[in-house]
$ cat work.txt   # compact mmCIF, C-alpha atoms
# COMPACT_ATOMS: atom_id res chain seq x y z
CA MET A 518 -6.09 26.50 31.31
CA ARG A 519 -9.45 25.05 30.34
CA ASN A 520 -11.28 21.80 30.90
CA ASN A 521 -11.55 19.24 28.15
CA PRO A 522 -14.97 19.82 26.52
CA PHE A 523 -15.03 16.41 24.84
CA PRO A 524 -15.55 12.93 26.32
CA ALA A 525 -12.30 11.15 27.06
CA ALA A 526 -11.17 8.59 24.48
CA GLN A 527 -8.73 5.75 24.94
CA ALA A 528 -5.11 6.67 25.52
CA LEU A 529 -3.05 6.47 22.35
CA LEU A 530 0.17 4.52 22.06
CA ALA A 531 2.94 6.28 20.14
CA THR A 532 2.72 5.43 16.45
CA LEU A 533 3.87 6.75 13.10
CA PHE A 534 1.92 9.44 11.32
CA PHE A 535 1.49 7.37 8.16
CA CYS A 536 -1.30 4.75 8.67
CA GLY A 537 -4.95 3.84 7.97
CA TRP A 538 -8.60 4.77 8.07
CA ALA A 539 -12.09 3.66 9.04
CA GLY A 540 -14.99 6.01 8.50
CA SER A 541 -18.42 5.57 10.03
CA SER A 542 -20.09 5.53 6.62
CA ASP A 543 -17.70 3.04 5.05
CA SER A 544 -16.36 0.83 7.82
CA ARG A 545 -16.25 -2.93 7.49
CA ALA A 546 -19.25 -3.12 9.78
CA ASP A 547 -21.27 -1.78 6.87
CA GLU A 548 -19.98 -4.32 4.37
CA PRO A 549 -22.09 -7.30 3.32
CA ALA A 550 -22.01 -10.09 5.92
CA VAL A 551 -20.59 -12.72 3.62
CA GLY A 552 -18.46 -14.87 5.93
CA ILE A 553 -15.22 -13.98 4.18
CA ASP A 554 -12.02 -13.22 6.07
CA ILE A 555 -11.39 -9.75 4.65
CA ALA A 556 -8.23 -9.26 6.72
CA GLY A 557 -6.83 -12.50 5.31
CA LEU A 558 -7.40 -11.25 1.76
CA LEU A 559 -5.29 -8.20 2.56
CA GLU A 560 -2.28 -9.99 4.05
CA VAL A 561 0.71 -8.20 2.51
CA ASP A 562 2.96 -11.27 2.54
CA SER A 563 0.47 -13.47 0.69
CA ALA A 564 1.11 -14.83 -2.79
CA ALA A 565 -1.47 -12.42 -4.16
CA HIS A 566 0.36 -9.30 -2.99
CA ARG A 567 4.05 -10.14 -2.32
CA TYR A 568 4.64 -6.74 -0.75
CA TRP A 569 8.34 -7.36 -0.09
CA ASP A 570 9.12 -9.13 -3.39
CA ARG A 571 7.11 -7.25 -6.01
CA PRO A 572 9.09 -4.78 -8.17
CA LEU A 573 8.75 -1.22 -6.90
CA HIS A 574 7.17 1.54 -8.97
CA ASP A 575 6.78 4.25 -6.38
CA PRO A 576 8.33 7.69 -7.06
CA PHE A 577 10.89 7.55 -4.26
CA SER A 578 12.33 4.22 -5.44
CA ALA A 579 13.13 5.92 -8.76
CA PHE A 580 14.68 8.84 -6.87
CA ARG A 581 16.74 6.37 -4.84
CA VAL A 582 18.22 4.96 -8.04
CA GLN A 583 19.33 8.46 -9.01
CA VAL A 584 20.87 8.99 -5.57
CA ASP A 585 22.80 5.72 -5.81
CA ALA A 586 24.01 6.70 -9.27
CA GLY A 587 25.29 10.02 -7.95
CA THR A 588 23.13 12.11 -10.27
CA VAL A 589 21.28 13.97 -7.49
CA ASN A 590 23.00 16.88 -5.78
CA LEU A 591 21.67 17.71 -2.33
CA ASP A 592 22.79 20.65 -0.21
CA ARG A 593 24.77 19.33 2.77
CA SER A 594 25.75 22.68 4.24
CA SER A 595 23.24 22.28 7.08
CA GLU A 596 20.41 20.03 8.17
CA ARG A 597 17.78 22.56 7.12
CA ALA A 598 19.48 23.12 3.77
CA PHE A 599 19.57 19.37 3.15
CA VAL A 600 15.86 19.00 3.86
CA SER A 601 15.02 21.95 1.59
CA SER A 602 17.09 20.56 -1.26
CA LEU A 603 15.56 17.10 -0.81
CA LEU A 604 12.07 18.57 -1.04
CA ASP A 605 13.06 20.49 -4.15
CA ALA A 606 14.45 17.34 -5.77
CA LEU A 607 11.23 15.47 -4.98
CA GLN A 608 9.08 18.39 -6.24
CA ILE A 609 7.47 18.82 -2.84
CA PRO A 610 6.62 22.41 -1.89
CA VAL A 611 8.29 23.65 1.28
CA SER A 612 5.03 25.51 1.94
CA SER A 613 3.30 22.15 2.51
CA GLN A 614 5.06 22.07 5.89
CA MET A 615 3.03 20.92 8.90
CA LEU A 616 4.47 20.66 12.40
CA VAL A 617 3.43 17.97 14.87
CA PHE A 618 4.68 18.00 18.47
CA SER A 619 2.98 14.86 19.80
CA THR A 620 5.21 11.80 20.04
CA THR A 621 3.22 9.86 17.43
CA SER A 622 6.20 8.70 15.39
CA LEU A 623 8.97 6.14 15.23
CA GLN A 624 11.31 8.90 16.43
CA LEU A 625 9.24 9.72 19.49
CA SER A 626 12.28 10.24 21.71
CA ARG A 627 13.31 13.26 19.62
CA ILE A 628 9.88 14.89 19.29
CA SER A 629 8.50 17.36 21.82
CA PRO A 630 6.77 20.75 21.94
CA SER A 631 10.25 22.28 21.80
CA ASN A 632 11.32 20.14 18.82
CA PRO A 633 8.29 19.46 16.57
CA ARG A 634 8.41 17.04 13.70
CA ALA A 635 7.95 18.55 10.25
CA LEU A 636 5.95 16.90 7.46
CA TYR A 637 5.87 17.74 3.77
CA PHE A 638 4.04 16.15 0.83
CA ASN A 639 2.93 16.24 -2.77
CA ASP A 640 0.38 13.94 -4.40
CA ASP A 641 2.34 10.73 -3.89
CA VAL A 642 5.38 11.29 -1.64
CA TYR A 643 5.29 12.18 2.07
CA VAL A 644 8.40 13.31 3.98
CA GLY A 645 8.81 13.42 7.75
CA TRP A 646 11.78 15.01 9.50
CA VAL A 647 12.67 15.71 13.12
CA PRO A 648 15.48 18.24 13.67
CA GLY A 649 18.44 16.23 14.90
CA GLY A 650 16.81 13.01 13.70
CA ARG A 651 16.25 10.96 10.58
CA ILE A 652 14.28 11.44 7.37
CA GLU A 653 11.20 9.23 6.93
CA ILE A 654 9.49 8.68 3.58
CA ALA A 655 6.14 7.22 2.59
CA SER A 656 5.96 6.84 -1.19
CA VAL A 657 2.80 5.61 -2.91
CA ASP A 658 3.25 2.62 -5.22
CA PRO A 659 0.27 2.00 -7.56
CA ASP A 660 0.37 -1.75 -6.81
CA LEU A 661 1.52 -1.91 -3.20
CA GLY A 662 0.26 1.24 -1.52
CA CYS A 663 2.74 3.07 0.69
CA VAL A 664 6.37 1.98 0.63
CA PHE A 665 8.47 3.28 3.52
CA TYR A 666 12.07 4.46 3.66
CA ILE A 667 14.27 5.93 6.37
CA PHE A 668 17.78 7.46 6.35
CA ASP A 669 20.09 9.77 8.24
CA VAL A 670 20.78 13.34 7.29
CA PRO A 671 24.41 13.33 6.08
CA ARG A 672 26.72 15.26 8.36
CA SER A 673 29.47 15.90 5.81
CA ASN A 674 29.98 16.30 2.08
CA THR A 675 31.65 12.90 1.89
CA GLU A 676 29.12 10.86 3.87
CA ALA A 677 27.11 8.54 1.63
CA LEU A 678 23.33 8.68 1.75
CA GLN A 679 22.27 5.29 3.10
CA ILE A 680 18.58 4.86 2.26
CA GLU A 681 16.86 1.86 3.84
CA ARG A 682 13.50 0.38 3.01
CA SER A 683 11.89 0.42 6.43
CA THR A 684 10.45 -2.74 7.94
CA ARG A 685 9.61 -1.34 11.40
CA CYS A 686 7.13 1.09 9.88
CA MET A 687 4.96 -1.87 8.90
CA ASN A 688 4.20 -2.57 12.56
CA CYS A 689 1.77 0.34 12.36
CA HIS A 690 1.38 0.78 8.63
CA ALA A 691 -0.17 -2.57 7.82
CA GLY A 692 -2.23 -3.30 10.91
CA THR A 693 -5.69 -2.60 12.22
CA GLU A 694 -5.19 1.16 12.07
CA THR A 695 -4.65 0.94 8.32
CA ARG A 696 -7.33 -1.69 7.71
CA ASP A 697 -4.45 -4.12 7.13
CA VAL A 698 -2.99 -2.41 4.05
CA PRO A 699 0.07 -0.11 3.79
CA GLY A 700 -1.46 3.35 4.06
CA ILE A 701 -1.42 6.77 5.70
CA ASN A 702 -2.52 7.73 9.19
CA ILE A 703 -3.11 11.11 10.79
CA LYS A 704 -3.38 11.18 14.56
CA SER A 705 -5.26 13.73 16.66
CA VAL A 706 -4.30 13.60 20.33
CA VAL A 707 -3.94 15.79 23.40
CA PRO A 708 -0.20 15.73 24.14
CA GLY A 709 1.23 16.16 27.60
CA PRO A 710 4.01 18.64 28.38
CA ARG A 711 6.63 16.39 26.76
CA GLY A 712 4.48 15.33 23.81
CA GLY A 713 3.15 12.01 25.08
CA SER A 714 -0.51 11.36 24.34
CA LEU A 715 -3.07 11.84 27.11
CA ASP A 716 -6.24 11.51 25.04
CA ALA A 717 -7.06 10.68 21.42
CA PHE A 718 -9.78 11.43 18.89
CA ARG A 719 -10.91 10.15 15.47
CA ILE A 720 -9.44 6.74 16.36
CA ASN A 721 -8.63 4.76 13.17
CA GLU A 722 -10.33 7.40 11.01
CA THR A 723 -8.80 9.34 8.15
CA GLY A 724 -10.33 11.56 5.51
CA HIS A 725 -12.25 14.72 4.75
CA THR A 726 -15.41 13.43 6.45
CA ILE A 727 -13.91 13.87 9.94
CA PRO A 728 -15.31 16.96 11.72
CA LEU A 729 -12.78 19.75 12.09
CA SER A 730 -13.50 19.73 15.83
CA ASP A 731 -11.81 16.31 16.08
CA ARG A 732 -8.70 17.19 14.06
CA PHE A 733 -5.25 18.75 14.60
CA GLY A 734 -4.58 17.44 18.12
CA GLY A 735 -0.82 17.43 18.68
CA TRP A 736 -0.25 19.64 15.62
CA HIS A 737 0.47 23.30 15.21
CA LEU A 738 -2.07 25.15 13.11
CA THR A 739 -1.43 28.55 11.53
CA GLY A 740 -3.28 30.78 9.09
CA LYS A 741 -6.71 32.39 9.06
CA HIS A 742 -9.28 29.64 9.36
CA GLY A 743 -12.05 30.65 11.77
CA ILE A 744 -12.29 27.16 13.27
CA GLU A 745 -13.49 27.90 16.78
CA LYS A 746 -13.18 24.40 18.23
CA HIS A 747 -10.29 22.11 17.37
CA TRP A 748 -7.42 20.35 19.16
CA GLY A 749 -4.47 22.11 17.52
CA ASN A 750 -1.98 24.30 19.43
CA ILE A 751 -2.89 22.68 22.78
CA ILE A 752 -1.05 20.69 25.44
CA GLY A 753 -2.75 18.88 28.30
CA LYS A 754 -2.31 17.79 31.86
CA LEU A 755 -3.93 14.98 33.83
CA TRP A 756 -4.68 15.57 37.51
CA GLN A 757 -6.72 13.12 39.56
CA GLY A 758 -8.28 11.70 36.40
CA GLU A 759 -9.28 15.10 34.98
CA LEU A 760 -7.78 16.39 31.75
CA SER A 761 -7.15 20.11 31.42
CA THR A 762 -5.55 21.91 28.50
CA THR A 763 -3.61 25.07 27.89
CA PRO A 764 -2.70 26.87 24.64
CA LEU A 765 0.65 26.27 22.99
CA GLU A 766 1.16 28.91 20.34
CA PRO A 767 3.36 28.00 17.35
CA GLY A 768 6.90 29.20 17.96
CA ASP A 769 6.56 29.62 21.72
CA ARG A 770 8.97 26.76 22.47
CA PHE A 771 11.05 26.56 19.30
CA GLU A 772 12.66 28.83 16.73
CA TRP A 773 10.94 28.97 13.36
CA ALA A 774 14.35 29.53 11.75
CA ARG A 775 15.16 25.88 12.44
CA TYR A 776 12.64 24.88 9.76
CA PRO A 777 12.49 25.57 6.02
CA ALA A 778 9.18 27.46 6.43
CA ALA A 779 7.54 29.50 9.18
CA THR A 780 4.08 27.98 8.79
CA SER A 781 1.93 24.98 9.65
CA ASP A 782 -0.88 26.28 7.50
CA ILE A 783 -4.50 25.15 7.53
CA LEU A 784 -4.67 24.35 3.80
CA PRO A 785 -1.87 21.73 3.80
CA HIS A 786 -3.61 20.12 6.77
CA LEU A 787 -6.88 19.92 4.84
CA VAL A 788 -5.28 18.67 1.63
CA HIS A 789 -3.16 16.11 3.49
CA GLU A 790 -6.26 14.78 5.24
CA HIS A 791 -8.11 14.45 1.95
CA GLN A 792 -5.24 12.62 0.28
CA ALA A 793 -4.80 10.23 3.18
CA GLY A 794 -8.43 9.17 2.99
CA PHE A 795 -8.21 8.70 -0.76
CA VAL A 796 -5.01 6.64 -0.66
CA ASN A 797 -6.22 4.31 2.06
CA ARG A 798 -9.56 3.57 0.43
CA VAL A 799 -8.07 2.93 -3.00
CA VAL A 800 -5.22 0.78 -1.66
CA GLU A 801 -7.68 -1.43 0.21
CA GLY A 802 -9.82 -1.81 -2.90
CA THR A 803 -6.76 -2.70 -4.96
CA TYR A 804 -5.71 -5.39 -2.49
CA LEU A 805 -9.21 -6.87 -2.37
CA ALA A 806 -9.55 -7.04 -6.13
CA ARG A 807 -6.08 -8.50 -6.59
CA ALA A 808 -6.74 -11.16 -3.95
CA PHE A 809 -9.91 -12.23 -5.75
CA LEU A 810 -8.19 -12.35 -9.14
CA HIS A 811 -5.34 -14.39 -7.68
CA SER A 812 -7.57 -16.92 -5.93
CA ASN A 813 -9.79 -17.37 -8.98
CA SER A 814 -6.89 -18.09 -11.37
CA GLY A 815 -8.70 -16.49 -14.29
CA ALA A 816 -12.21 -17.66 -13.42
CA PRO A 817 -14.97 -15.04 -13.13
CA LEU A 818 -15.71 -13.39 -9.82
CA THR A 819 -18.16 -15.20 -7.61
CA SER A 820 -21.34 -13.36 -6.64
CA THR A 821 -19.92 -12.82 -3.16
CA GLN A 822 -16.67 -11.38 -4.52
CA ALA A 823 -18.60 -9.17 -6.92
CA GLY A 824 -20.76 -7.90 -4.06
CA ILE A 825 -17.73 -6.98 -1.99
CA LEU A 826 -16.15 -5.08 -4.89
CA ASP A 827 -19.47 -3.36 -5.65
CA HIS A 828 -19.57 -2.16 -2.07
CA HIS A 829 -15.96 -0.99 -2.03
CA ALA A 830 -16.39 0.80 -5.35
CA GLU A 831 -19.26 2.69 -3.72
CA ILE A 832 -16.96 3.66 -0.84
CA ILE A 833 -14.36 4.98 -3.29
CA VAL A 834 -16.85 6.88 -5.45
CA ARG A 835 -18.53 8.52 -2.47
CA TYR A 836 -15.14 9.64 -1.27
CA ILE A 837 -14.01 10.90 -4.68
CA LEU A 838 -17.20 12.98 -4.94
CA PHE A 839 -16.87 14.37 -1.38
CA ALA A 840 -20.01 12.82 0.09
CA GLU A 841 -20.29 13.78 3.77
CA GLU A 842 -17.39 16.23 3.55
CA ALA A 843 -16.93 18.08 6.84
CA ALA A 844 -18.13 21.66 6.52
CA LEU A 845 -15.68 24.52 6.73
CA PRO A 846 -16.33 27.32 9.26
CA PRO A 847 -18.85 30.01 8.23
CA SER A 848 -16.04 32.51 7.65
CA GLY A 849 -14.27 30.13 5.28
CA ILE A 850 -10.55 29.49 5.00
CA GLN A 851 -7.86 32.01 4.08
CA PRO A 852 -4.73 29.94 3.41
CA ASP A 853 -1.10 30.89 3.04
CA PRO A 854 -0.85 32.15 -0.57
CA GLU A 855 2.48 30.39 -1.10
CA TYR A 856 0.95 26.94 -0.60
CA SER A 857 -2.28 27.68 -2.45
CA ASP A 858 -0.19 28.86 -5.42
CA ALA A 859 2.00 25.75 -5.26
CA PHE A 860 -1.09 23.54 -5.13
CA ALA A 861 -2.71 25.34 -8.08
CA SER A 862 0.48 25.07 -10.14
CA LYS A 863 -0.29 21.37 -10.66
CA ARG A 864 -3.81 22.02 -11.98
CA LEU A 865 -4.86 20.23 -15.16
CA PRO A 866 -7.36 22.54 -16.88
CA SER A 867 -10.24 21.57 -19.12
CA ARG A 868 -10.84 23.29 -22.45
CA ASN A 869 -12.81 26.03 -20.70
CA GLY A 870 -10.12 26.50 -18.05
CA THR A 871 -11.78 24.77 -15.08
CA SER A 872 -9.87 22.27 -12.96
CA LEU A 873 -10.41 19.79 -10.15
CA ARG A 874 -7.75 21.71 -8.20
CA ASP A 875 -9.81 24.90 -8.17
CA LEU A 876 -10.30 25.78 -4.51
CA ASP A 877 -13.53 27.02 -2.98
CA LEU A 878 -12.62 27.36 0.74
CA ARG A 879 -15.88 29.08 1.65
CA THR A 880 -18.07 26.19 2.70
CA ARG A 881 -16.06 23.30 1.22
CA MET A 882 -12.57 22.57 -0.04
CA PHE A 883 -13.07 22.53 -3.81
CA LYS A 884 -15.24 24.33 -6.30
CA PHE A 885 -15.92 21.10 -8.18
CA ARG A 886 -16.40 18.18 -5.80
CA CYS A 887 -14.42 15.49 -7.54
CA SER A 888 -10.97 14.62 -6.22
CA TYR A 889 -7.91 15.64 -8.24
CA MET A 890 -6.38 12.41 -6.93
CA ILE A 891 -8.31 10.69 -9.68
CA TYR A 892 -5.31 11.56 -11.88
CA SER A 893 -2.92 9.61 -9.64
CA ARG A 894 -1.20 6.45 -10.80
CA LEU A 895 -2.69 4.74 -7.75
CA PHE A 896 -6.21 5.35 -9.01
CA GLN A 897 -5.52 4.64 -12.66
CA ALA A 898 -3.75 1.36 -11.85
CA MET A 899 -6.69 -0.15 -9.96
CA PRO A 900 -7.39 -3.74 -11.05
CA LEU A 901 -9.91 -3.86 -13.88
CA PRO A 902 -12.82 -5.41 -11.93
CA LEU A 903 -12.62 -2.58 -9.39
CA MET A 904 -11.94 0.16 -11.94
CA GLU A 905 -14.95 -0.81 -14.04
CA ARG A 906 -17.22 -0.73 -11.01
CA VAL A 907 -15.89 2.67 -9.97
CA ARG A 908 -16.36 3.99 -13.50
CA GLN A 909 -19.94 2.75 -13.77
CA GLN A 910 -20.87 4.14 -10.36
CA MET A 911 -19.34 7.52 -11.24
CA ILE A 912 -21.36 7.61 -14.44
CA SER A 913 -24.50 6.90 -12.44
CA ALA A 914 -23.61 9.50 -9.80
CA LEU A 915 -22.91 12.27 -12.32
CA GLN A 916 -25.94 11.81 -14.58
CA ALA A 917 -28.08 14.90 -15.03
CA GLU A 918 -31.25 12.81 -14.80
CA ASN A 919 -32.05 9.63 -12.88
CA ALA A 920 -28.76 9.85 -11.02
CA ALA A 921 -28.07 7.78 -7.93
CA PRO A 922 -30.04 9.43 -5.09
CA ALA A 923 -27.02 9.28 -2.78
CA PHE A 924 -25.46 12.07 -4.86
CA ASP A 925 -28.37 14.51 -4.80
CA TYR A 926 -26.17 16.89 -2.81
CA LEU A 927 -24.39 17.70 -6.10
CA PRO A 928 -26.34 20.29 -8.13
CA VAL A 929 -26.95 19.49 -11.79
CA ASP A 930 -24.63 22.27 -12.98
CA GLU A 931 -21.80 21.04 -10.77
CA LYS A 932 -22.24 17.50 -12.09
CA ALA A 933 -22.08 18.84 -15.64
CA ALA A 934 -18.91 20.79 -14.83
CA ILE A 935 -17.27 17.69 -13.34
CA ARG A 936 -18.20 15.58 -16.37
CA SER A 937 -16.79 18.25 -18.68
CA ILE A 938 -13.51 18.40 -16.77
CA LEU A 939 -13.14 14.62 -16.74
CA GLU A 940 -14.01 14.27 -20.43
CA ASP A 941 -11.32 16.82 -21.32
CA THR A 942 -8.59 15.82 -18.87
CA LEU A 943 -9.14 12.09 -18.31
CA PRO A 944 -10.94 10.75 -21.40
CA ALA A 945 -9.76 7.19 -20.72
CA LEU A 946 -12.10 7.07 -17.73
CA GLY A 947 -15.08 7.31 -20.10
CA ILE A 948 -17.31 9.53 -17.96
CA LYS A 949 -20.08 10.60 -20.32
CA GLU A 950 -23.83 11.00 -20.26

$ encode --input "work.txt" --output "structure tokens"
Amino acid sequence: MRNNPFPAAQALLATLFFCGWAGSSDSRADEPAVGIDIAGLLEVDSAAHRYWDRPLHDPFSAFRVQVDAGTVNLDRSSERAFVSSLLDALQIPVSSQMLVFSTTSLQLSRISPSNPRALYFNDDVYVGWVPGGRIEIASVDPDLGCVFYIFDVPRSNTEALQIERSTRCMNCHAGTETRDVPGINIKSVVPGPRGGSLDAFRINETGHTIPLSDRFGGWHLTGKHGIEKHWGNIIGKLWQGELSTTPLEPGDRFEWARYPAATSDILPHLVHEHQAGFVNRVVEGTYLARAFLHSNSGAPLTSTQAGILDHHAEIIVRYILFAEEAALPPSGIQPDPEYSDAFASKRLPSRNGTSLRDLDLRTRMFKFRCSYMIYSRLFQAMPLPLMERVRQQMISALQAENAAPAFDYLPVDEKAAIRSILEDTLPALGIKE
């Protein structure tokens, strides 16, 4: 048992794992003081957004149509087999598995250190499953952000798969923790013996800028990573106002055989964190731009509206280009080869063979610091006023000469490599000297 080396933070109420972000370098406190109700612009039920009425274009809604038509065959021989076959049908690698034993989910009564929740993901679909519980889905729609679904694991070959679009998820997924848009959240807490949160870190923050020392609380972490100080694999106890912690090694209180994989590897954790930050920033920008376009009824943006979008485009571009990325440990990261291979299998190479999915893992995540999420439908469907601002700021950031000073951390040769990759693999973006 050891004492908590960090200052206590506010106790965390149980919430879902999919929700929002707020980074110190791009919080609303840093936005222009313009007297506009930003939260009001992001109201999901407003006429501008129509979250519940707009046609769905997220990947899982298309999968749901196939399920209803009876064209998807899922293995119902066991709960584990069903989950594995679902992941395969959704093209989600089993090796993306991460286990969380804190009760930060809608199904908190089923989660504990002896029954962790498993999470799996690809670029635009996120799956949560608790053994003995329900399946939860967050699927990224290019217009709406995350759309949430929930359903039971069928217990027989004849039981129909009843997929519901979840409304309860929105209690956490479109509130202050998500900056009022449907997004993704990753909690880091110190769980008590039964999984309830005793302390919390990185409150309302998501993304690759968060120090590794504040991550992984309530999660199992496996693999060779050399991170000396983090909150993973720990449970806590409060006694007379003092918090102490003790190690909880993965597999000590549960059988790995219950799950499709025997890992909760460091690399999926890092990739998941990066994607969450990307999704939440782009979804907020999309909602802002759409609200302005709706209110203006075809009229040009006002100077105030333009200033807000300029600022948010800067937030997105800085994130895409990994400004202020948290450093990896000096020994680097040695991930599970199965997941690193699955991740690399989706690479989109340039003419000279380089890709935005090329991992570095020595001092940073990627060899070329430009997010592969730039290929996502979410990014490419951004409203034109926001997309044009992002494009222009990326051009400025990646110039060999007279580039924006905020991007001096990128060497000239790395900027050239990024431009080359984007010109070959995403020519529509128009990133050229």

$ atom_distance --input "work.txt" --atom1 "atom CA of Ala779 of chain A" --atom2 "atom CA of Lys884 of chain A"
28.0 Å

$ atom_distance --input "work.txt" --atom1 "atom CA of Thr723 of chain A" --atom2 "atom CA of Arg908 of chain A"
23.5 Å

$ residues_near_point --input "work.txt" --point "(-14.4, 16.6, 10.9)" --cutoff "10 Å" --atoms "only C-alpha atoms" --output "list in words"
Arg719, Thr723, Gly724, His725, Thr726, Ile727, Pro728, Leu729, Ser730, Asp731, Arg732, His747, Glu841, Glu842, Ala843, Ala844 and Leu845 of chain A

$ closest_residue --input "work.txt" --among "A:His829, A:Arg874, A:His737, A:Arg597" --to "Glu801 of chain A" --atoms "only C-alpha atoms"
A:His829

$ closest_residue --input "work.txt" --among "A:Ala586, A:Ala793, A:Pro777, A:Asp554" --to "Ser602 of chain A" --atoms "all atoms listed in the file"
A:Pro777

$ closest_atom_pairs --input "work.txt" --of "segment 630-723 of chain A" --to "segment 589-595 of chain A" --cutoff "8 Å" --atoms "all atoms listed in the file" --output "CSV"
residue,atom,partner,partner_atom,distance
A:Pro671,CA,A:Arg593,CA,6.9
A:Arg672,CA,A:Arg593,CA,7.2
A:Ser673,CA,A:Arg593,CA,6.6
A:Asn674,CA,A:Arg593,CA,6.1

$ axis_aligned_box --input "work.txt" --around "segment 871-880 of chain A" --padding-each-side "4 Å" --output "AutoDock Vina command-line options"
--center_x -12.9 --center_y 24.4 --center_z -6.2 --size_x 18.3 --size_y 17.3 --size_z 25.8

$ atom_distance --input "work.txt" --atom1 "atom CA of Ala556 of chain A" --atom2 "atom CA of Ser814 of chain A"
20.2 Å

$ closest_residue --input "work.txt" --among "A:Val907, A:Ile783, A:Val561, A:Ile680" --to "Val582 of chain A" --atoms "only C-alpha atoms"
A:Ile680

$ closest_residue --input "work.txt" --among "A:Leu603, A:Leu876, A:Leu865, A:Val611" --to "Asp941 of chain A" --atoms "only C-alpha atoms"
A:Leu865

$ residues_around --input "work.txt" --residues "Leu661 of chain A" --least-positions-apart "4" --cutoff "8 Å" --atoms "only C-alpha atoms" --output "list of chain:residue names"
A:His566, A:Tyr568, A:Val657, A:Pro699, A:Val800

$ closest_residue --input "work.txt" --among "A:Ser820, A:Asn702, A:Ser812, A:Thr588" --to "Tyr643 of chain A" --atoms "all atoms listed in the file"
A:Asn702

$ closest_residue --input "work.txt" --among "A:Leu895, A:Ser612, A:Ile667, A:Leu738" --to "Asp853 of chain A" --atoms "only C-alpha atoms"
A:Ser612

$ residues_around --input "work.txt" --residues "segment 909-914 of chain A" --least-positions-apart "5" --cutoff "6 Å" --atoms "all atoms listed in the file" --output "PyMOL selection string"
chain A and resi 920-921+924+948

$ residues_around --input "work.txt" --residues "Pro648 of chain A" --least-positions-apart "3" --cutoff "10 Å" --atoms "only C-alpha atoms" --output "JSON, numbers by chain"
{"A": [596, 597, 600, 627, 628, 632, 633, 634, 635, 651, 652, 670, 775, 776]}
